[in-house]
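Structure file work.txt with compact mmCIF, C-alpha atoms and all ligand atoms:
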```
# COMPACT_ATOMS: atom_id res chain seq x y z
CA MET X 1 -0.92 14.86 -33.51
CA LYS X 2 -1.54 12.70 -36.56
CA GLU X 3 0.39 9.43 -36.63
CA LEU X 4 2.93 9.47 -39.47
CA ASP X 5 2.52 6.90 -42.22
CA PRO X 6 4.96 4.00 -41.54
CA LEU X 7 6.49 4.42 -44.99
CA LYS X 8 7.30 8.05 -44.17
CA LYS X 9 8.79 6.98 -40.84
CA ILE X 10 10.94 4.34 -42.54
CA LYS X 11 12.14 6.87 -45.11
CA SER X 12 13.17 9.30 -42.42
CA ALA X 13 14.86 6.57 -40.33
CA LEU X 14 16.80 5.35 -43.37
CA LYS X 15 17.93 8.89 -44.16
CA LYS X 16 19.54 9.21 -40.74
CA ALA X 17 20.99 5.70 -40.56
CA LYS X 18 24.49 4.56 -41.50
CA SER X 19 24.17 0.90 -40.61
CA ALA X 20 21.49 -1.74 -40.26
CA ILE X 21 21.19 -5.37 -39.31
CA ILE X 22 18.61 -7.22 -41.38
CA THR X 23 17.10 -10.46 -40.15
CA ALA X 24 14.02 -12.69 -40.46
CA HIS X 25 12.65 -15.78 -38.74
CA ILE X 26 14.45 -18.94 -37.65
CA ASP X 27 14.16 -21.89 -40.03
CA PRO X 28 13.96 -19.33 -42.81
CA ASP X 29 11.84 -19.97 -45.87
CA ALA X 30 12.39 -18.30 -49.22
CA ASP X 31 10.31 -15.26 -48.27
CA ALA X 32 12.41 -14.67 -45.16
CA ILE X 33 15.60 -15.01 -47.21
CA GLY X 34 14.56 -13.25 -50.41
CA SER X 35 13.00 -10.29 -48.61
CA SER X 36 16.11 -9.93 -46.42
CA LEU X 37 18.49 -10.02 -49.39
CA ALA X 38 16.41 -7.58 -51.44
CA MET X 39 16.19 -5.28 -48.40
CA ALA X 40 19.98 -5.39 -48.05
CA MET X 41 20.37 -4.41 -51.71
CA LEU X 42 17.90 -1.58 -51.24
CA LEU X 43 19.84 -0.29 -48.21
CA LYS X 44 23.14 -0.39 -50.07
CA LYS X 45 21.63 1.81 -52.79
CA LEU X 46 20.62 4.24 -50.05
CA LYS X 47 24.16 4.22 -48.59
CA VAL X 48 23.14 2.40 -45.42
CA LYS X 49 25.56 -0.44 -44.67
CA PRO X 50 23.66 -3.71 -44.31
CA VAL X 51 24.58 -6.80 -42.31
CA ILE X 52 22.32 -9.78 -43.07
CA TYR X 53 21.86 -12.25 -40.23
CA SER X 54 20.05 -15.59 -40.01
CA GLN X 55 20.46 -17.66 -36.86
CA ASP X 56 19.90 -20.90 -38.79
CA GLY X 57 21.72 -19.91 -41.97
CA ILE X 58 19.76 -20.82 -45.10
CA PRO X 59 18.68 -24.06 -46.81
CA LYS X 60 21.10 -25.24 -49.49
CA ILE X 61 18.48 -24.93 -52.20
CA TYR X 62 18.37 -21.11 -51.78
CA LYS X 63 22.14 -20.57 -51.83
CA PHE X 64 22.02 -19.54 -55.49
CA LEU X 65 20.17 -16.34 -54.61
CA PRO X 66 22.17 -13.16 -55.27
CA TRP X 67 24.01 -12.05 -52.12
CA ALA X 68 23.09 -15.27 -50.24
CA GLU X 69 26.81 -15.68 -49.49
CA LYS X 70 26.71 -12.47 -47.43
CA ILE X 71 24.36 -13.95 -44.82
CA ILE X 72 26.07 -14.41 -41.47
CA THR X 73 25.01 -16.77 -38.69
CA ARG X 74 26.88 -15.03 -35.87
CA VAL X 75 27.05 -11.33 -35.11
CA PRO X 76 30.38 -10.17 -33.65
CA GLU X 77 29.85 -9.26 -29.97
CA LYS X 78 30.73 -5.56 -30.19
CA LEU X 79 28.83 -4.65 -33.36
CA ARG X 80 26.14 -1.99 -32.99
CA PHE X 81 23.67 -0.71 -35.59
CA ASP X 82 21.51 2.33 -36.16
CA LEU X 83 18.66 0.10 -37.28
CA ALA X 84 17.44 -3.48 -37.05
CA ILE X 85 15.10 -4.45 -39.86
CA VAL X 86 13.06 -7.56 -39.07
CA LEU X 87 11.26 -9.26 -41.95
CA ASP X 88 8.56 -11.92 -42.25
CA SER X 89 8.36 -12.36 -38.46
CA SER X 90 5.15 -12.03 -36.46
CA ALA X 91 6.99 -11.60 -33.15
CA LEU X 92 10.49 -10.51 -32.15
CA GLU X 93 11.24 -13.94 -30.61
CA ARG X 94 10.90 -15.45 -34.08
CA VAL X 95 14.38 -14.15 -34.99
CA GLY X 96 15.87 -16.63 -32.53
CA ASN X 97 17.55 -16.46 -29.15
CA LYS X 98 21.17 -15.73 -30.06
CA ILE X 99 20.96 -11.96 -30.50
CA ASP X 100 19.22 -9.14 -28.66
CA LEU X 101 18.17 -6.64 -31.32
CA LYS X 102 16.95 -4.17 -28.71
CA LYS X 103 20.46 -4.04 -27.30
CA ILE X 104 22.45 -3.91 -30.54
CA ALA X 105 20.26 -1.56 -32.57
CA LYS X 106 18.88 1.88 -31.75
CA LYS X 107 15.60 1.32 -33.55
CA ILE X 108 13.64 -1.71 -34.79
CA ILE X 109 11.73 -1.65 -38.07
CA ASN X 110 9.21 -4.48 -38.41
CA ILE X 111 8.21 -5.32 -41.99
CA ASP X 112 5.79 -8.21 -42.30
CA HIS X 113 2.63 -9.71 -43.77
CA HIS X 114 1.44 -12.05 -40.98
CA PRO X 115 -2.10 -11.25 -39.80
CA ASP X 116 -1.04 -11.97 -36.20
CA ASN X 117 1.96 -9.60 -36.23
CA LYS X 118 2.64 -8.30 -32.71
CA GLN X 119 3.67 -4.79 -33.84
CA PHE X 120 6.92 -5.16 -31.90
CA GLY X 121 8.90 -2.53 -33.81
CA ASP X 122 9.54 1.14 -33.20
CA ILE X 123 8.18 1.38 -36.74
CA ASN X 124 5.73 -1.25 -37.97
CA TYR X 125 5.04 -1.68 -41.66
CA CYS X 126 2.76 -4.70 -41.77
CA GLY X 127 0.43 -5.21 -44.69
CA GLN X 128 -1.90 -8.00 -45.74
CA SER X 129 0.01 -8.80 -48.89
CA SER X 130 1.29 -12.08 -50.34
CA SER X 131 4.69 -11.95 -48.74
CA ALA X 132 7.21 -9.90 -46.83
CA ALA X 133 8.83 -9.50 -50.25
CA GLU X 134 5.75 -7.68 -51.54
CA GLU X 135 6.05 -5.26 -48.61
CA VAL X 136 9.73 -4.67 -49.47
CA PHE X 137 8.71 -4.13 -53.09
CA LYS X 138 6.15 -1.48 -52.02
CA LEU X 139 8.80 0.18 -49.87
CA ALA X 140 11.28 0.27 -52.79
CA LYS X 141 8.62 1.93 -54.97
CA TYR X 142 7.81 4.46 -52.28
CA LEU X 143 11.50 5.28 -51.90
CA LYS X 144 11.82 5.45 -55.70
CA VAL X 145 14.69 2.96 -55.66
CA PRO X 146 14.81 1.29 -59.08
CA LEU X 147 14.80 -2.49 -59.08
CA ASP X 148 17.73 -4.32 -60.58
CA ARG X 149 17.75 -7.93 -61.67
CA ASP X 150 19.37 -9.28 -58.50
CA MET X 151 16.83 -7.56 -56.29
CA ALA X 152 14.05 -8.78 -58.54
CA GLU X 153 15.33 -12.35 -58.40
CA ASN X 154 15.22 -12.34 -54.59
CA LEU X 155 11.75 -10.83 -54.51
CA TYR X 156 10.48 -13.19 -57.19
CA VAL X 157 11.63 -16.35 -55.41
CA ALA X 158 10.07 -15.06 -52.19
CA VAL X 159 6.74 -14.32 -53.81
CA ILE X 160 6.42 -17.55 -55.79
CA THR X 161 7.19 -19.70 -52.77
CA ASP X 162 4.89 -17.81 -50.36
CA THR X 163 2.01 -17.96 -52.87
CA GLY X 164 2.69 -21.56 -53.99
CA ASN X 165 3.36 -20.24 -57.50
CA PHE X 166 0.44 -17.81 -57.43
CA ARG X 167 -1.96 -20.58 -56.32
CA TYR X 168 -2.93 -19.51 -52.79
CA GLU X 169 -5.58 -16.96 -51.79
CA ASN X 170 -2.87 -14.46 -50.82
CA THR X 171 -2.32 -13.97 -54.57
CA LYS X 172 -3.94 -10.64 -55.46
CA VAL X 173 -3.87 -8.26 -58.41
CA SER X 174 -1.00 -6.47 -56.69
CA THR X 175 0.97 -9.74 -56.60
CA PHE X 176 0.71 -10.23 -60.35
CA LEU X 177 1.50 -6.57 -60.98
CA MET X 178 4.59 -6.91 -58.83
CA ALA X 179 5.62 -10.09 -60.67
CA ALA X 180 5.21 -8.26 -63.99
CA GLU X 181 7.48 -5.45 -62.80
CA LEU X 182 10.06 -7.96 -61.59
CA PHE X 183 9.88 -9.70 -64.94
CA LYS X 184 10.77 -6.45 -66.70
CA THR X 185 14.29 -6.64 -65.21
CA LYS X 186 14.83 -9.59 -67.61
CA LEU X 187 14.57 -12.27 -64.96
CA ASN X 188 15.18 -15.76 -66.20
CA VAL X 189 12.04 -17.21 -64.63
CA HIS X 190 12.54 -20.69 -66.02
CA ASP X 191 16.09 -20.88 -64.72
CA ILE X 192 14.92 -19.75 -61.27
CA THR X 193 12.03 -22.22 -61.00
CA THR X 194 14.25 -25.07 -62.22
CA LYS X 195 16.72 -24.31 -59.43
CA ILE X 196 13.93 -24.41 -56.87
CA TYR X 197 11.57 -27.12 -58.06
CA ASP X 198 13.65 -29.42 -60.27
CA ASN X 199 16.74 -29.62 -58.16
CA LYS X 200 15.92 -31.98 -55.30
CA SER X 201 18.74 -33.79 -53.56
CA LEU X 202 18.49 -37.57 -53.66
CA ALA X 203 18.47 -37.51 -49.85
CA SER X 204 15.35 -35.30 -49.88
CA VAL X 205 13.53 -37.73 -52.16
CA LYS X 206 14.58 -40.63 -49.92
CA ILE X 207 13.47 -38.94 -46.70
CA SER X 208 10.13 -38.04 -48.36
CA ALA X 209 9.63 -41.67 -49.33
CA LEU X 210 10.41 -42.81 -45.79
CA ALA X 211 8.10 -40.22 -44.25
CA MET X 212 5.29 -40.92 -46.73
CA ASP X 213 5.55 -44.61 -46.03
CA GLN X 214 4.60 -43.86 -42.42
CA LEU X 215 1.79 -41.46 -43.21
CA GLN X 216 -1.18 -41.68 -40.86
CA PHE X 217 -4.74 -40.46 -41.24
CA SER X 218 -7.64 -39.56 -38.99
CA ASP X 219 -10.70 -41.81 -39.30
CA ASP X 220 -12.35 -39.43 -41.75
CA LYS X 221 -9.05 -39.11 -43.70
CA LYS X 222 -9.15 -35.32 -43.44
CA ILE X 223 -6.05 -35.03 -41.26
CA ALA X 224 -2.83 -36.60 -42.46
CA TRP X 225 0.41 -36.56 -40.53
CA THR X 226 3.84 -38.06 -40.44
CA SER X 227 7.01 -37.71 -38.39
CA VAL X 228 10.66 -37.41 -39.29
CA THR X 229 13.03 -38.49 -36.54
CA GLU X 230 16.75 -37.84 -36.39
CA GLU X 231 17.23 -41.57 -36.84
CA MET X 232 15.30 -41.44 -40.14
CA LEU X 233 17.38 -38.50 -41.35
CA ASN X 234 20.59 -40.34 -40.50
CA LYS X 235 19.42 -43.49 -42.21
CA VAL X 236 19.18 -41.80 -45.63
CA GLY X 237 21.87 -39.16 -45.04
CA ALA X 238 19.36 -36.28 -45.09
CA LYS X 239 19.44 -32.96 -43.22
CA SER X 240 16.55 -30.76 -42.09
CA ASP X 241 17.19 -28.75 -45.32
CA ASP X 242 15.98 -31.78 -47.23
CA LEU X 243 12.50 -31.49 -45.73
CA VAL X 244 11.58 -28.31 -47.64
CA GLY X 245 8.30 -28.99 -49.46
CA LEU X 246 7.46 -32.32 -47.78
CA ILE X 247 4.51 -30.88 -45.87
CA ASP X 248 3.04 -29.51 -49.12
CA GLN X 249 3.17 -32.98 -50.66
CA ILE X 250 1.08 -34.31 -47.76
CA ARG X 251 -1.51 -31.57 -48.21
CA ALA X 252 -1.67 -32.39 -51.94
CA ILE X 253 -3.25 -35.79 -51.20
CA GLU X 254 -6.90 -36.10 -52.26
CA GLY X 255 -9.33 -35.53 -49.39
CA VAL X 256 -6.69 -34.22 -46.99
CA GLU X 257 -7.78 -30.95 -45.37
CA VAL X 258 -4.99 -30.58 -42.82
CA ALA X 259 -1.43 -31.85 -43.17
CA ILE X 260 0.90 -32.02 -40.18
CA LEU X 261 4.60 -32.76 -40.14
CA PHE X 262 6.42 -33.50 -36.89
CA ARG X 263 10.18 -33.34 -36.99
CA GLU X 264 12.84 -33.86 -34.38
CA ASP X 265 15.38 -31.08 -34.35
CA LYS X 266 18.07 -30.71 -31.70
CA GLY X 267 15.93 -31.97 -28.85
CA LYS X 268 12.87 -29.95 -29.91
CA ILE X 269 9.91 -31.00 -32.02
CA LYS X 270 9.08 -28.70 -34.92
CA VAL X 271 5.49 -28.96 -36.07
CA ASN X 272 4.38 -27.66 -39.47
CA PHE X 273 0.74 -27.30 -40.47
CA ARG X 274 -0.83 -26.84 -43.89
CA ALA X 275 -4.53 -26.46 -44.67
CA LYS X 276 -6.36 -26.82 -47.93
CA ALA X 277 -9.81 -25.21 -47.82
CA ASN X 278 -11.60 -23.40 -45.03
CA ILE X 279 -9.56 -24.44 -42.05
CA ASN X 280 -7.42 -21.86 -40.31
CA VAL X 281 -4.41 -23.77 -39.00
CA SER X 282 -2.88 -20.64 -37.46
CA VAL X 283 -5.58 -20.89 -34.76
CA ILE X 284 -4.39 -24.41 -33.87
CA ALA X 285 -0.73 -23.34 -33.94
CA ASN X 286 -1.57 -20.32 -31.80
CA ARG X 287 -3.27 -22.44 -29.15
CA LEU X 288 -0.11 -24.52 -28.94
CA GLY X 289 2.12 -21.45 -28.62
CA GLY X 290 3.08 -20.91 -32.29
CA GLY X 291 1.55 -18.98 -35.15
CA GLY X 292 1.51 -18.35 -38.87
CA HIS X 293 -1.01 -17.88 -41.65
CA HIS X 294 -4.44 -19.41 -42.25
CA LYS X 295 -3.07 -22.12 -44.50
CA ALA X 296 0.51 -22.45 -43.29
CA ALA X 297 1.50 -22.34 -39.65
CA GLY X 298 3.94 -23.84 -37.19
CA VAL X 299 5.03 -24.28 -33.62
CA ILE X 300 8.15 -25.52 -31.87
CA MET X 301 7.49 -27.72 -28.83
CA ASP X 302 9.46 -29.65 -26.23
CA GLY X 303 9.62 -33.40 -26.82
CA PRO X 304 9.29 -36.27 -26.61
CA LEU X 305 7.76 -36.75 -30.03
CA VAL X 306 4.96 -39.08 -28.89
CA ASN X 307 3.63 -36.55 -26.38
CA VAL X 308 3.79 -33.68 -28.85
CA ARG X 309 1.99 -35.74 -31.47
CA GLU X 310 -0.75 -36.64 -29.04
CA GLN X 311 -1.24 -33.05 -27.90
CA VAL X 312 -1.19 -31.59 -31.41
CA LEU X 313 -3.59 -34.16 -32.84
CA ALA X 314 -5.98 -33.67 -29.92
CA GLU X 315 -5.94 -29.89 -30.47
CA THR X 316 -6.44 -30.33 -34.22
CA LEU X 317 -9.39 -32.70 -33.76
CA LYS X 318 -10.92 -30.34 -31.21
CA TYR X 319 -10.68 -27.47 -33.67
CA LEU X 320 -12.15 -29.46 -36.56
CA VAL X 321 -15.30 -30.71 -34.82
P1 LIG X 401 6.59 -23.31 -42.10
O1 LIG X 401 5.68 -24.47 -41.91
O2 LIG X 401 7.83 -23.39 -41.26
O3 LIG X 401 6.86 -23.04 -43.55
O4 LIG X 401 5.81 -22.04 -41.56
C1 LIG X 401 4.58 -21.64 -42.06
C2 LIG X 401 4.19 -20.31 -41.46
O5 LIG X 401 4.02 -20.43 -40.06
C3 LIG X 401 5.21 -19.21 -41.67
O6 LIG X 401 4.51 -18.03 -41.92
C4 LIG X 401 5.92 -19.12 -40.35
O7 LIG X 401 6.37 -17.83 -40.09
C5 LIG X 401 4.86 -19.54 -39.36
N1 LIG X 401 5.47 -20.27 -38.25
C6 LIG X 401 6.18 -21.42 -38.35
N2 LIG X 401 6.64 -21.82 -37.15
C7 LIG X 401 6.21 -20.89 -36.25
C8 LIG X 401 6.38 -20.71 -34.83
N3 LIG X 401 7.07 -21.58 -34.08
N4 LIG X 401 5.80 -19.63 -34.26
C9 LIG X 401 5.11 -18.75 -35.00
N5 LIG X 401 4.93 -18.84 -36.34
C10 LIG X 401 5.46 -19.89 -36.96
MN MN X 402 6.26 -14.93 -45.56
```

Here is the file; what I need is its structure written in the form of structure tokens.
Amino acid sequence: MKELDPLKKIKSALKKAKSAIITAHIDPDADAIGSSLAMAMLLKKLKVKPVIYSQDGIPKIYKFLPWAEKIITRVPEKLRFDLAIVLDSSALERVGNKIDLKKIAKKIINIDHHPDNKQFGDINYCGQSSSAAEEVFKLAKYLKVPLDRDMAENLYVAVITDTGNFRYENTKVSTFLMAAELFKTKLNVHDITTKIYDNKSLASVKISALAMDQLQFSDDKKIAWTSVTEEMLNKVGAKSDDLVGLIDQIRAIEGVEVAILFREDKGKIKVNFRAKANINVSVIANRLGGGGHHKAAGVIMDGPLVNVREQVLAETLKYLV
């Protein structure tokens, strides 16, 4: 029997469903958040009741997004759902360890754009597009659900952040066509980008300065890295929210091919990688137990920081030679 198209399967699952829990990856970025919120809006239009869950909540800077206030960080024990919709996550473990979606939902729908997606859903809709948001956009078109401005705002923020404002190679014709359609809902693009890019907390500028002051380089200056300890955060009154974008500033330095940020977080060390040209940092992250995209990847490791740094730098050097 011919395998049904995932879009058809999603349509039929949504038709039968009354409730769904929507979630994305821990430490959510704007694609995780925007695609989740747009998906929730889409479900509401289809009369499926959405619950939006994020184990880590969301960074302060994205709280202006329409429906952001509906995101919950704890799911009441007894709640059960017809569907779980997982966005922007290459593996089921990426949603965190506080809920068991297989137990609380009858069916899992996996919607993603990571090349290393593990196809963990009962239905897997995983494309090679710019963002999970672009996959949600394609789904909305397929389902003939008209976009409204709030949905468009969530999708727009997701797509501009995952493409670095249409700068990265994941920006395709389809990405611009999507942006044009979003624009037609009378989005205030300037207002949105101001809220994201010209709205830094003083603490985030101070922690950047502190981290940049301790920047280190490999002998050939192609790898640059720095670390943010809890002590540093406390010193300037910053939170992990205030680190959004720091890794991109390190990559932006002339001659740097790979940027690495190590940060202490509740006893674990979070490692973020960014690459500039032809280096695939997801391979390095994968070898260390994480994952991601060619030019943006990450892994969470057990401390202490010095050991993690040594191991990660050794793996990075090994990959580069
Ligand atoms: P970030 O540096 O947190 O913005 O993440 C960049 C990319 O790497 C995103 O696509 C993440 O989903 C992915 N990523 C980050 N951390 C991990 C991890 N621990 N395991 C797998 N993928 C990750
Ligand atoms: Mn994404």

Here atom CA of Asn124 of chain X and atom CA of Asp112 of chain X stand apart by 8.2 Å

Go through the chains and note each residue within 7 Å of ligand MN 402 (chain X), using only C-alpha atoms and all ligand atoms, then give the set as a list in words.
Asp31, Ala32, Asp88, His113, Ser131, Ala132 and Asp162 of chain X

If the limit is 8 Å from any atom of ligand LIG 401 (chain X), counting only C-alpha atoms and all ligand atoms, which residues qualify? Return them as a list in words.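 The residues within 8 Å of ligand LIG 401 (chain X), counting only C-alpha atoms and all ligand atoms, are His25, Asp27, Pro28, Asp29, Asp88, Ser89, Ser90, Ala91, Arg94, His114, Ile247, Lys270, Val271, Asn272, Phe273, Arg274, Ser282, Ala285, Asn286, Gly289, Gly290, Gly291, Gly292, His293, Ala296, Ala297, Gly298, Val299 and Ile300 of chain X.
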
Worksheet entry | Proximity to Ile109 of chain X - best of X:Lys276, X:Lys268, X:Lys195, X:Lys9, all atoms listed in the file |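 Checking each candidate against Ile109 of chain X, we get X:Lys9 as the closest.
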
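For the pair atom CA of Tyr319 of chain X and atom CA of Gly96 of chain X, the separation is 28.7 Å.
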
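Nearest residue to Gln128 of chain X among X:Ile111, X:Leu317, X:Ala68, X:Ala140 is X:Ile111, counting only C-alpha atoms.
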
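In terms of minimum interatomic distance to Ile123 of chain X, X:Ile108 ranks closest within X:Val283, X:Ile108, X:Val51, X:Val258, counting all atoms listed in the file.
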
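Comparing the minimum interatomic distances between Asn154 of chain X and each of X:Lys63, X:Lys184, X:Lys172, X:Lys221, counting only C-alpha atoms, we find that X:Lys63 sits nearest.
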
Students should find that atom CA of Gly34 of chain X and atom CA of Ile192 of chain X are spaced 12.7 Å

TODO: Counting all atoms listed in the file, write as an NGL selection string all protein and nucleic acid residues lying at most 12 Å from (-2.5, -36.2, -31.7) in the file's frame.
DONE: :X and (216-218 or 223-227 or 260-262 or 271 or 305-318)

**For Asn170 of chain X, the nearest of the candidates X:Glu134, X:Ser201, X:Arg287, X:Lys98, counting all atoms listed in the file** =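 Using all atoms listed in the file, Asn170 of chain X sits closest to X:Glu134.
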